[in-house]
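Novice: File name run06.csv; file contents CSV, C-alpha atoms and all ligand atoms; full text below.
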chain,number,residue,atom,x,y,z
A,1,MET,CA,213.1,170.2,179.1
A,2,ALA,CA,213.1,166.4,180.0
A,3,ASP,CA,210.0,165.0,181.7
A,4,LYS,CA,209.7,165.0,185.4
A,5,PRO,CA,211.2,161.9,187.0
A,6,VAL,CA,208.8,159.6,189.0
A,7,VAL,CA,209.3,160.2,192.7
A,8,ILE,CA,208.3,157.3,195.1
A,9,GLY,CA,208.3,157.8,198.9
A,10,VAL,CA,208.8,154.7,201.1
A,11,ALA,CA,208.1,155.3,204.8
A,12,GLY,CA,207.5,153.0,207.7
A,13,GLY,CA,208.9,152.2,211.2
A,14,THR,CA,212.4,151.3,211.9
A,15,GLY,CA,213.1,147.7,210.8
A,16,SER,CA,209.8,147.5,208.8
A,17,GLY,CA,211.7,146.6,205.6
A,18,LYS,CA,211.8,150.0,203.9
A,19,THR,CA,215.4,149.5,202.6
A,20,THR,CA,214.6,145.9,201.5
A,21,VAL,CA,211.5,147.0,199.6
A,22,THR,CA,213.4,149.9,198.0
A,23,ARG,CA,216.2,147.6,196.9
A,24,SER,CA,213.7,145.1,195.4
A,25,ILE,CA,212.1,147.9,193.3
A,26,TYR,CA,215.5,149.1,192.3
A,27,GLN,CA,216.5,145.7,191.0
A,28,HIS,CA,213.5,145.6,188.7
A,29,PHE,CA,214.9,148.7,186.9
A,30,VAL,CA,218.6,147.6,186.5
A,31,ASP,CA,218.5,148.5,182.8
A,32,LYS,CA,216.6,151.7,183.4
A,33,THR,CA,217.7,154.8,185.4
A,34,ILE,CA,216.7,154.7,189.0
A,35,LEU,CA,218.3,156.1,192.2
A,36,MET,CA,217.7,155.7,195.9
A,37,ILE,CA,217.9,158.6,198.4
A,38,GLU,CA,218.0,157.6,202.0
A,39,GLN,CA,216.4,160.2,204.4
A,40,ASP,CA,218.8,158.9,207.0
A,41,TYR,CA,221.8,160.4,205.1
A,42,TYR,CA,220.2,163.8,205.7
A,43,TYR,CA,220.3,163.6,209.5
A,44,LYS,CA,221.7,167.0,210.7
A,45,ASP,CA,225.4,167.2,210.8
A,46,GLN,CA,226.6,166.8,214.4
A,47,SER,CA,230.3,166.8,214.0
A,48,HIS,CA,230.6,169.9,216.2
A,49,LEU,CA,229.3,167.9,219.2
A,50,PRO,CA,231.3,165.4,221.3
A,51,LEU,CA,230.3,161.7,220.7
A,52,LYS,CA,228.8,161.5,224.2
A,53,GLU,CA,226.3,164.2,223.4
A,54,ARG,CA,225.5,162.7,220.0
A,55,LEU,CA,224.5,159.5,221.8
A,56,ASN,CA,221.7,161.5,223.5
A,57,THR,CA,220.2,163.0,220.3
A,58,ASN,CA,216.6,162.0,219.5
A,59,TYR,CA,217.0,160.5,216.0
A,60,ASP,CA,213.3,159.7,215.7
A,61,HIS,CA,212.0,163.2,215.9
A,62,PRO,CA,211.3,165.1,212.6
A,63,LEU,CA,213.6,167.9,213.7
A,64,ALA,CA,216.6,165.5,213.6
A,65,PHE,CA,216.6,165.7,209.8
A,66,ASP,CA,217.9,168.4,207.5
A,67,ASN,CA,214.8,168.3,205.3
A,68,ASP,CA,215.7,171.7,203.8
A,69,LEU,CA,218.9,170.2,202.2
A,70,LEU,CA,217.0,167.0,201.2
A,71,LEU,CA,214.4,169.2,199.5
A,72,GLU,CA,217.0,171.2,197.7
A,73,HIS,CA,218.7,168.0,196.4
A,74,LEU,CA,215.3,166.5,195.3
A,75,ASN,CA,214.4,169.7,193.5
A,76,ASP,CA,217.8,169.6,191.7
A,77,LEU,CA,217.4,166.0,190.7
A,78,ILE,CA,213.9,166.7,189.5
A,79,ASP,CA,215.4,169.5,187.4
A,80,ARG,CA,217.9,166.9,186.1
A,81,LYS,CA,220.8,168.4,187.9
A,82,PRO,CA,223.4,166.3,189.8
A,83,VAL,CA,223.8,166.6,193.6
A,84,LYS,CA,226.4,165.8,196.2
A,85,LYS,CA,224.6,163.5,198.6
A,86,PRO,CA,225.8,163.4,202.2
A,87,VAL,CA,226.9,160.1,203.7
A,88,TYR,CA,225.9,159.2,207.3
A,89,ASP,CA,227.9,157.2,209.8
A,90,TYR,CA,225.6,155.3,212.2
A,91,LYS,CA,228.5,154.3,214.4
A,92,LEU,CA,229.7,157.9,215.0
A,93,HIS,CA,226.2,159.4,214.8
A,94,THR,CA,227.1,162.1,212.3
A,95,ARG,CA,227.7,162.9,208.7
A,96,SER,CA,231.0,161.5,207.3
A,97,ASP,CA,233.4,163.7,205.5
A,98,GLU,CA,232.6,162.1,202.2
A,99,VAL,CA,229.8,163.0,199.8
A,100,VAL,CA,228.5,160.9,196.9
A,101,HIS,CA,228.1,162.4,193.4
A,102,VAL,CA,224.6,161.5,192.3
A,103,GLU,CA,223.4,161.9,188.7
A,104,PRO,CA,219.7,162.6,188.0
A,105,LYS,CA,217.6,159.6,187.0
A,106,ASP,CA,214.1,158.8,185.7
A,107,VAL,CA,212.9,157.2,188.9
A,108,ILE,CA,213.8,158.5,192.4
A,109,ILE,CA,213.0,156.4,195.5
A,110,LEU,CA,213.1,158.4,198.7
A,111,GLU,CA,213.2,156.1,201.8
A,112,GLY,CA,213.0,156.9,205.5
A,113,ILE,CA,211.0,156.7,208.7
A,114,LEU,CA,209.6,160.2,208.3
A,115,VAL,CA,209.5,160.9,204.6
A,116,LEU,CA,205.7,161.1,204.7
A,117,GLU,CA,205.7,163.5,207.7
A,118,ASP,CA,206.8,166.6,205.8
A,119,GLN,CA,204.2,168.0,203.5
A,120,ARG,CA,206.8,169.5,201.2
A,121,LEU,CA,208.2,166.0,200.6
A,122,ARG,CA,204.8,164.4,200.2
A,123,ASP,CA,203.9,167.0,197.6
A,124,MET,CA,206.9,165.9,195.4
A,125,MET,CA,205.9,162.3,195.4
A,126,ASP,CA,203.9,160.4,192.7
A,127,ILE,CA,203.5,157.3,194.8
A,128,LYS,CA,203.5,157.2,198.6
A,129,VAL,CA,204.2,153.9,200.3
A,130,PHE,CA,204.0,152.8,203.9
A,131,VAL,CA,205.7,149.6,204.9
A,132,ASP,CA,203.6,148.2,207.8
A,133,THR,CA,205.3,145.6,210.0
A,134,ASP,CA,204.3,144.7,213.5
A,135,ALA,CA,206.4,146.2,216.3
A,136,ASP,CA,207.6,142.9,217.7
A,137,ILE,CA,209.1,141.9,214.3
A,138,ARG,CA,210.6,145.3,213.8
A,139,ILE,CA,212.4,145.3,217.1
A,140,ILE,CA,213.9,141.9,216.5
A,141,ARG,CA,215.1,142.9,213.0
A,142,ARG,CA,216.5,146.2,214.4
A,143,MET,CA,218.3,144.4,217.2
A,144,MET,CA,220.0,142.0,214.8
A,145,ARG,CA,220.9,144.7,212.3
A,146,ASP,CA,222.1,147.3,214.8
A,147,ILE,CA,224.4,144.8,216.6
A,148,LYS,CA,225.8,143.5,213.3
A,149,GLU,CA,226.0,146.7,211.3
A,150,ARG,CA,225.6,149.8,213.4
A,151,GLY,CA,228.0,149.0,216.3
A,152,ARG,CA,225.3,148.6,219.1
A,153,SER,CA,224.9,146.4,222.1
A,154,ILE,CA,221.6,144.6,223.1
A,155,GLU,CA,221.3,146.9,226.1
A,156,SER,CA,221.7,150.1,224.0
A,157,VAL,CA,219.1,148.9,221.4
A,158,ILE,CA,216.6,148.1,224.1
A,159,GLU,CA,217.1,151.3,226.0
A,160,GLN,CA,216.9,153.5,222.9
A,161,TYR,CA,213.8,151.6,221.7
A,162,GLU,CA,211.9,152.0,225.0
A,163,ASN,CA,212.8,155.6,225.7
A,164,VAL,CA,212.8,157.1,222.3
A,165,VAL,CA,212.1,155.0,219.2
A,166,ARG,CA,208.8,153.5,220.4
A,167,PRO,CA,207.2,156.8,221.6
A,168,MET,CA,208.4,158.7,218.6
A,169,HIS,CA,207.1,156.0,216.3
A,170,LEU,CA,203.6,156.2,217.9
A,171,GLN,CA,203.6,160.0,217.8
A,172,PHE,CA,205.2,160.8,214.4
A,173,VAL,CA,205.7,157.7,212.2
A,174,GLU,CA,202.6,155.6,212.5
A,175,PRO,CA,200.2,158.6,211.9
A,176,THR,CA,201.8,159.2,208.4
A,177,LYS,CA,200.3,155.9,207.3
A,178,ARG,CA,197.1,157.8,206.4
A,179,TYR,CA,199.0,159.6,203.6
A,180,ALA,CA,200.0,156.4,201.9
A,181,ASP,CA,198.6,155.3,198.5
A,182,ILE,CA,199.9,151.8,199.1
A,183,ILE,CA,200.4,150.0,202.4
A,184,ILE,CA,202.8,147.0,202.1
A,185,PRO,CA,202.6,144.5,205.0
A,186,GLU,CA,205.9,142.9,206.1
A,187,GLY,CA,208.1,144.6,203.5
A,188,GLY,CA,210.6,143.0,201.3
A,189,GLN,CA,209.2,139.5,201.0
A,190,ASN,CA,205.9,140.9,199.7
A,191,LEU,CA,206.5,140.1,196.0
A,192,VAL,CA,203.0,140.9,194.9
A,193,ALA,CA,203.3,144.4,196.3
A,194,ILE,CA,206.7,144.9,194.7
A,195,ASP,CA,205.4,143.7,191.3
A,196,LEU,CA,202.4,146.0,191.5
A,197,MET,CA,204.7,149.0,192.4
A,198,THR,CA,207.0,148.2,189.5
A,199,THR,CA,204.1,148.0,187.0
A,200,LYS,CA,202.7,151.3,188.2
A,201,VAL,CA,206.1,153.0,187.9
A,202,ARG,CA,206.5,151.7,184.4
A,203,SER,CA,203.1,153.0,183.4
A,204,ILE,CA,203.9,156.5,184.7
A,205,LEU,CA,207.2,156.4,182.8
A,206,GLU,CA,205.3,155.5,179.7
A,207,GLU,CA,202.7,158.2,180.2
A,208,ARG,CA,205.4,160.7,180.5
A,209,SER,CA,207.1,159.2,177.5
A,210,ILE,CA,210.3,158.6,179.4
A,211,MET,CA,210.6,154.9,178.5
B,301,LIG,N1,210.9,140.0,205.2
B,301,LIG,C1,212.0,140.0,205.9
B,301,LIG,N2,212.3,138.8,206.6
B,301,LIG,C2,213.5,138.7,207.3
B,301,LIG,N3,214.3,139.8,207.5
B,301,LIG,C3,214.1,140.9,206.9
B,301,LIG,C4,212.9,141.1,206.1
B,301,LIG,N4,212.9,142.3,205.6
B,301,LIG,C5,214.0,142.9,206.1
B,301,LIG,N5,214.7,142.1,206.9
B,301,LIG,C6,215.9,142.4,207.6
B,301,LIG,O1,215.6,143.2,208.7
B,301,LIG,C7,216.5,144.3,208.9
B,301,LIG,C8,215.8,145.6,208.7
B,301,LIG,O2,215.3,145.7,207.4
B,301,LIG,P1,215.4,147.0,206.5
B,301,LIG,O3,214.9,146.7,205.2
B,301,LIG,O4,216.8,147.6,206.7
B,301,LIG,O5,214.4,147.9,207.3
B,301,LIG,P2,214.2,149.5,207.5
B,301,LIG,O6,215.0,150.1,206.3
B,301,LIG,O7,212.8,149.7,207.4
B,301,LIG,O8,214.9,149.8,208.8
B,301,LIG,C9,217.6,144.0,207.8
B,301,LIG,O9,218.7,143.4,208.4
B,301,LIG,C10,216.9,143.2,206.8
B,301,LIG,O10,217.8,142.3,206.1
B,302,LIG,O1,222.8,158.3,214.5
B,302,LIG,C1,221.7,157.6,214.4
B,302,LIG,C2,220.8,157.8,213.4
B,302,LIG,C3,219.7,157.0,213.4
B,302,LIG,N1,219.4,156.1,214.3
B,302,LIG,C4,218.2,155.3,214.3
B,302,LIG,O2,218.0,154.8,212.9
B,302,LIG,C5,216.6,154.6,212.7
B,302,LIG,C6,216.2,154.9,211.3
B,302,LIG,O3,216.8,154.0,210.4
B,302,LIG,P1,216.1,152.7,209.9
B,302,LIG,O4,217.0,152.2,208.8
B,302,LIG,O5,214.8,153.1,209.4
B,302,LIG,O6,215.9,151.7,211.0
B,302,LIG,C7,215.9,155.5,213.7
B,302,LIG,O7,214.8,154.8,214.3
B,302,LIG,C8,217.0,156.0,214.7
B,302,LIG,O8,216.6,155.7,216.0
B,302,LIG,C9,220.3,155.9,215.4
B,302,LIG,O9,220.1,155.1,216.3
B,302,LIG,N2,221.5,156.7,215.4
Translate this structure into structure tokens?

Specialist:
Amino acid sequence: MADKPVVIGVAGGTGSGKTTVTRSIYQHFVDKTILMIEQDYYYKDQSHLPLKERLNTNYDHPLAFDNDLLLEHLNDLIDRKPVKKPVYDYKLHTRSDEVVHVEPKDVIILEGILVLEDQRLRDMMDIKVFVDTDADIRIIRRMMRDIKERGRSIESVIEQYENVVRPMHLQFVEPTKRYADIIIPEGGQNLVAIDLMTTKVRSILEERSIM
């Protein structure tokens, strides 16, 4: 059987730069086999609920995620089997009808606000990362991104942040920092941290004789 892929978990608050860090690591392995799994794509399907109700869902609570499906897919990928990854629509707040066919790869990066919260997910990871960015920077980044890319208004971002995102961050996301092997301040522009991560992944691949 082929050697186990390297699994990296990248957690951190909304807007901390998780996706940016993940993409930077990804770009270091263009010639190698690497894939990204976004925990966000595994939000529970809500297509049975009217949009008005979906607007009231707490998307920052661990129970909002279908981690059972995520675990099943990770286990398949680790066993070198392909999966059909769901696609999430942030504007409609539910899964889209499409799925993406994902082939197994040597390196898997799992990224999301609560990937370090579930012990079953943590146990699968070779490297656990927490992207640590101050809350004022994160809310500015989220505001810009959500208005540009996720169909939100300034008012809706502020209301959701104050009522749900901030308290859930303090209760569930921030405490998972203690599980991290590496804490990356400020995210994607931290080239030293990205370089160190890439070197570590290469050394694990070599140890497992994958490269
Ligand atoms: N170091 C940075 N400087 C400026 N903008 C950034 C930086 N890192 C990320 N961003 C921007 O902030 C927004 C949120 O970043 P993203 O990586 O998507 O965070 P997360 O995945 O943690 O929510 C994106 O629009 C991204 O382009
Ligand atoms: O339907 C949804 C699903 C998620 N959210 C928010 O997204 C962030 C997590 O994504 P990041 O890329 O890490 O910012 C989370 O804080 C949810 O509040 C949403 O608003 N609607």

Novice: Between chain A and ligand LIG 301 (chain B), at 7 Å or less, what are the per-residue closest atom pairs and their distances in Å? Count only C-alpha atoms and all ligand atoms, order by chain and rising residue number, and return it as a tab-separated table.

Specialist:
residue	atom	partner	partner_atom	distance
A:Gly12	CA	B:LIG301	O7	6.3
A:Gly13	CA	B:LIG301	O7	6.0
A:Thr14	CA	B:LIG301	O8	4.3
A:Gly15	CA	B:LIG301	O8	3.4
A:Ser16	CA	B:LIG301	O7	4.0
A:Gly17	CA	B:LIG301	O3	3.2
A:Lys18	CA	B:LIG301	O7	3.7
A:Thr19	CA	B:LIG301	O6	3.8
A:Thr20	CA	B:LIG301	O3	3.8
A:Val21	CA	B:LIG301	O3	6.6
A:Arg141	CA	B:LIG301	O1	4.3
A:Arg142	CA	B:LIG301	C8	5.8
A:Met144	CA	B:LIG301	O9	6.7
A:Arg145	CA	B:LIG301	O9	4.7
A:Glu186	CA	B:LIG301	N1	5.8
A:Gly187	CA	B:LIG301	N1	5.6
A:Gly188	CA	B:LIG301	N4	4.9
A:Gln189	CA	B:LIG301	N1	4.6

Novice: Between A:Gln119, A:Ser209, A:Thr176, A:Thr198, which one has atoms that come closest to A:Thr22, using all atoms listed in the file?

Specialist: A:Thr198

Novice: For ligand LIG 302 (chain B), list the contacting residues at 8 Å or closer, counting all atoms listed in the file, as a list in words.

Specialist: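 The residues near ligand LIG 302 (chain B) are Gly12, Gly13, Thr14, Gly15, Ser16, Lys18, Thr19, Asp40, Tyr43, Arg54, Leu55, Thr57, Asn58, Tyr59, Asp60, Tyr88, Asp89, Tyr90, Lys91, Leu92, His93, Thr94, Gly112, Ile113, Arg142, Gln160, Tyr161, Val164 and Val165 of chain A.
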
Novice: Output C-alpha atoms for every residue in the selection just made, as a PDB file, keeping the file's coordinate frame.

Specialist:
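Writing the result to selection-v8.pdb gives the following:
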ATOM      1  CA  GLY A  12     207.500 153.000 207.700  1.00  0.00           C
ATOM      2  CA  GLY A  13     208.900 152.200 211.200  1.00  0.00           C
ATOM      3  CA  THR A  14     212.400 151.300 211.900  1.00  0.00           C
ATOM      4  CA  GLY A  15     213.100 147.700 210.800  1.00  0.00           C
ATOM      5  CA  SER A  16     209.800 147.500 208.800  1.00  0.00           C
ATOM      6  CA  LYS A  18     211.800 150.000 203.900  1.00  0.00           C
ATOM      7  CA  THR A  19     215.400 149.500 202.600  1.00  0.00           C
ATOM      8  CA  ASP A  40     218.800 158.900 207.000  1.00  0.00           C
ATOM      9  CA  TYR A  43     220.300 163.600 209.500  1.00  0.00           C
ATOM     10  CA  ARG A  54     225.500 162.700 220.000  1.00  0.00           C
ATOM     11  CA  LEU A  55     224.500 159.500 221.800  1.00  0.00           C
ATOM     12  CA  THR A  57     220.200 163.000 220.300  1.00  0.00           C
ATOM     13  CA  ASN A  58     216.600 162.000 219.500  1.00  0.00           C
ATOM     14  CA  TYR A  59     217.000 160.500 216.000  1.00  0.00           C
ATOM     15  CA  ASP A  60     213.300 159.700 215.700  1.00  0.00           C
ATOM     16  CA  TYR A  88     225.900 159.200 207.300  1.00  0.00           C
ATOM     17  CA  ASP A  89     227.900 157.200 209.800  1.00  0.00           C
ATOM     18  CA  TYR A  90     225.600 155.300 212.200  1.00  0.00           C
ATOM     19  CA  LYS A  91     228.500 154.300 214.400  1.00  0.00           C
ATOM     20  CA  LEU A  92     229.700 157.900 215.000  1.00  0.00           C
ATOM     21  CA  HIS A  93     226.200 159.400 214.800  1.00  0.00           C
ATOM     22  CA  THR A  94     227.100 162.100 212.300  1.00  0.00           C
ATOM     23  CA  GLY A 112     213.000 156.900 205.500  1.00  0.00           C
ATOM     24  CA  ILE A 113     211.000 156.700 208.700  1.00  0.00           C
ATOM     25  CA  ARG A 142     216.500 146.200 214.400  1.00  0.00           C
ATOM     26  CA  GLN A 160     216.900 153.500 222.900  1.00  0.00           C
ATOM     27  CA  TYR A 161     213.800 151.600 221.700  1.00  0.00           C
ATOM     28  CA  VAL A 164     212.800 157.100 222.300  1.00  0.00           C
ATOM     29  CA  VAL A 165     212.100 155.000 219.200  1.00  0.00           C
TER      30      VAL A 165
END

Novice: Which residue, A:Gln39, A:Ser24, A:Ser153, A:Asn56, has the smallest gap to A:Pro86 when you use only C-alpha atoms?

Specialist: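 Comparing A:Gln39, A:Ser24, A:Ser153, A:Asn56 against A:Pro86, the winner is A:Gln39.
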
Novice: Mind giving me the straight-line distance from atom CA of A:Lys200 to atom CA of A:Asn67 in Å, one decimal?

Specialist: 27.0 Å

Novice: Please, which residues are within 9 Å of (211.0, 160.9, 204.1) by the file's coordinates, counting only C-alpha atoms, and could they come as a list in words?

Specialist: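 All residues meeting the 9 Å criterion around (211.0, 160.9, 204.1) are Gly9, Val10, Ala11, Glu38, Gln39, Asp40, Asn67, Leu110, Glu111, Gly112, Ile113, Leu114, Val115, Leu116, Glu117, Asp118, Leu121 and Arg122 of chain A.
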
Novice: Can you pull out the residues contacting A:His101? Cut-off 12 Å, using all atoms listed in the file, and skip same-chain residues under 2 positions away; I want them as a PDB file with C-alpha atoms, in the coordinates of the input.

Specialist:
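Generated file (selection_23.pdb):
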ATOM      1  CA  LEU A  35     218.300 156.100 192.200  1.00  0.00           C
ATOM      2  CA  ILE A  37     217.900 158.600 198.400  1.00  0.00           C
ATOM      3  CA  HIS A  73     218.700 168.000 196.400  1.00  0.00           C
ATOM      4  CA  LEU A  77     217.400 166.000 190.700  1.00  0.00           C
ATOM      5  CA  LYS A  81     220.800 168.400 187.900  1.00  0.00           C
ATOM      6  CA  PRO A  82     223.400 166.300 189.800  1.00  0.00           C
ATOM      7  CA  VAL A  83     223.800 166.600 193.600  1.00  0.00           C
ATOM      8  CA  LYS A  84     226.400 165.800 196.200  1.00  0.00           C
ATOM      9  CA  LYS A  85     224.600 163.500 198.600  1.00  0.00           C
ATOM     10  CA  PRO A  86     225.800 163.400 202.200  1.00  0.00           C
ATOM     11  CA  VAL A  87     226.900 160.100 203.700  1.00  0.00           C
ATOM     12  CA  GLU A  98     232.600 162.100 202.200  1.00  0.00           C
ATOM     13  CA  VAL A  99     229.800 163.000 199.800  1.00  0.00           C
ATOM     14  CA  GLU A 103     223.400 161.900 188.700  1.00  0.00           C
ATOM     15  CA  PRO A 104     219.700 162.600 188.000  1.00  0.00           C
TER      16      PRO A 104
END

Novice: Could you build a table of the residues in stretch 79-192 of chain A lying no more than 8 Å from stretch 4-8 of chain A, giving for each the nearest pair of atoms and their separation in Å rounded to one decimal place, using only C-alpha atoms, ordered by chain and ascending residue number, as CSV?

Specialist:
residue,atom,partner,partner_atom,distance
A:Asp79,CA,A:Lys4,CA,7.5
A:Lys105,CA,A:Pro5,CA,6.8
A:Asp106,CA,A:Pro5,CA,4.4
A:Val107,CA,A:Val6,CA,4.8
A:Ile108,CA,A:Val7,CA,4.8
A:Ile109,CA,A:Ile8,CA,4.8
A:Leu110,CA,A:Ile8,CA,6.1
A:Met124,CA,A:Val7,CA,6.7
A:Met125,CA,A:Val7,CA,4.8
A:Asp126,CA,A:Val7,CA,5.4
A:Ile127,CA,A:Ile8,CA,4.8
A:Lys128,CA,A:Ile8,CA,5.9
A:Val129,CA,A:Ile8,CA,7.4

Novice: I need the residues from that last selection saved to file as a PDB file, keeping the file's coordinate frame (with C-alpha atoms), if you can.

Specialist:
ATOM      1  CA  ASP A  79     215.400 169.500 187.400  1.00  0.00           C
ATOM      2  CA  LYS A 105     217.600 159.600 187.000  1.00  0.00           C
ATOM      3  CA  ASP A 106     214.100 158.800 185.700  1.00  0.00           C
ATOM      4  CA  VAL A 107     212.900 157.200 188.900  1.00  0.00           C
ATOM      5  CA  ILE A 108     213.800 158.500 192.400  1.00  0.00           C
ATOM      6  CA  ILE A 109     213.000 156.400 195.500  1.00  0.00           C
ATOM      7  CA  LEU A 110     213.100 158.400 198.700  1.00  0.00           C
ATOM      8  CA  MET A 124     206.900 165.900 195.400  1.00  0.00           C
ATOM      9  CA  MET A 125     205.900 162.300 195.400  1.00  0.00           C
ATOM     10  CA  ASP A 126     203.900 160.400 192.700  1.00  0.00           C
ATOM     11  CA  ILE A 127     203.500 157.300 194.800  1.00  0.00           C
ATOM     12  CA  LYS A 128     203.500 157.200 198.600  1.00  0.00           C
ATOM     13  CA  VAL A 129     204.200 153.900 200.300  1.00  0.00           C
TER      14      VAL A 129
END

Novice: Could you please determine the separation between atom CA of A:Asp181 and atom CA of A:Ala64 in Å, to one decimal place?

Specialist: 25.6 Å

Novice: Would you compute the distance between atom CA of A:Ala135 and atom CA of A:Arg166? Give it in Å to one decimal.

Specialist: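 That distance, rounded to one decimal, is 8.7 Å.
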
Novice: Around the point (222.0, 141.8, 220.9) in the file's coordinates, collect all residues with an atom within 10 Å, using all atoms listed in the file, and return them as a list in words.

Specialist: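 Result, sorted by chain then residue number: Ile140, Arg142, Met143, Met144, Arg145, Asp146, Ile147, Lys148, Arg152, Ser153, Ile154, Glu155, Ser156, Val157 and Ile158 of chain A.
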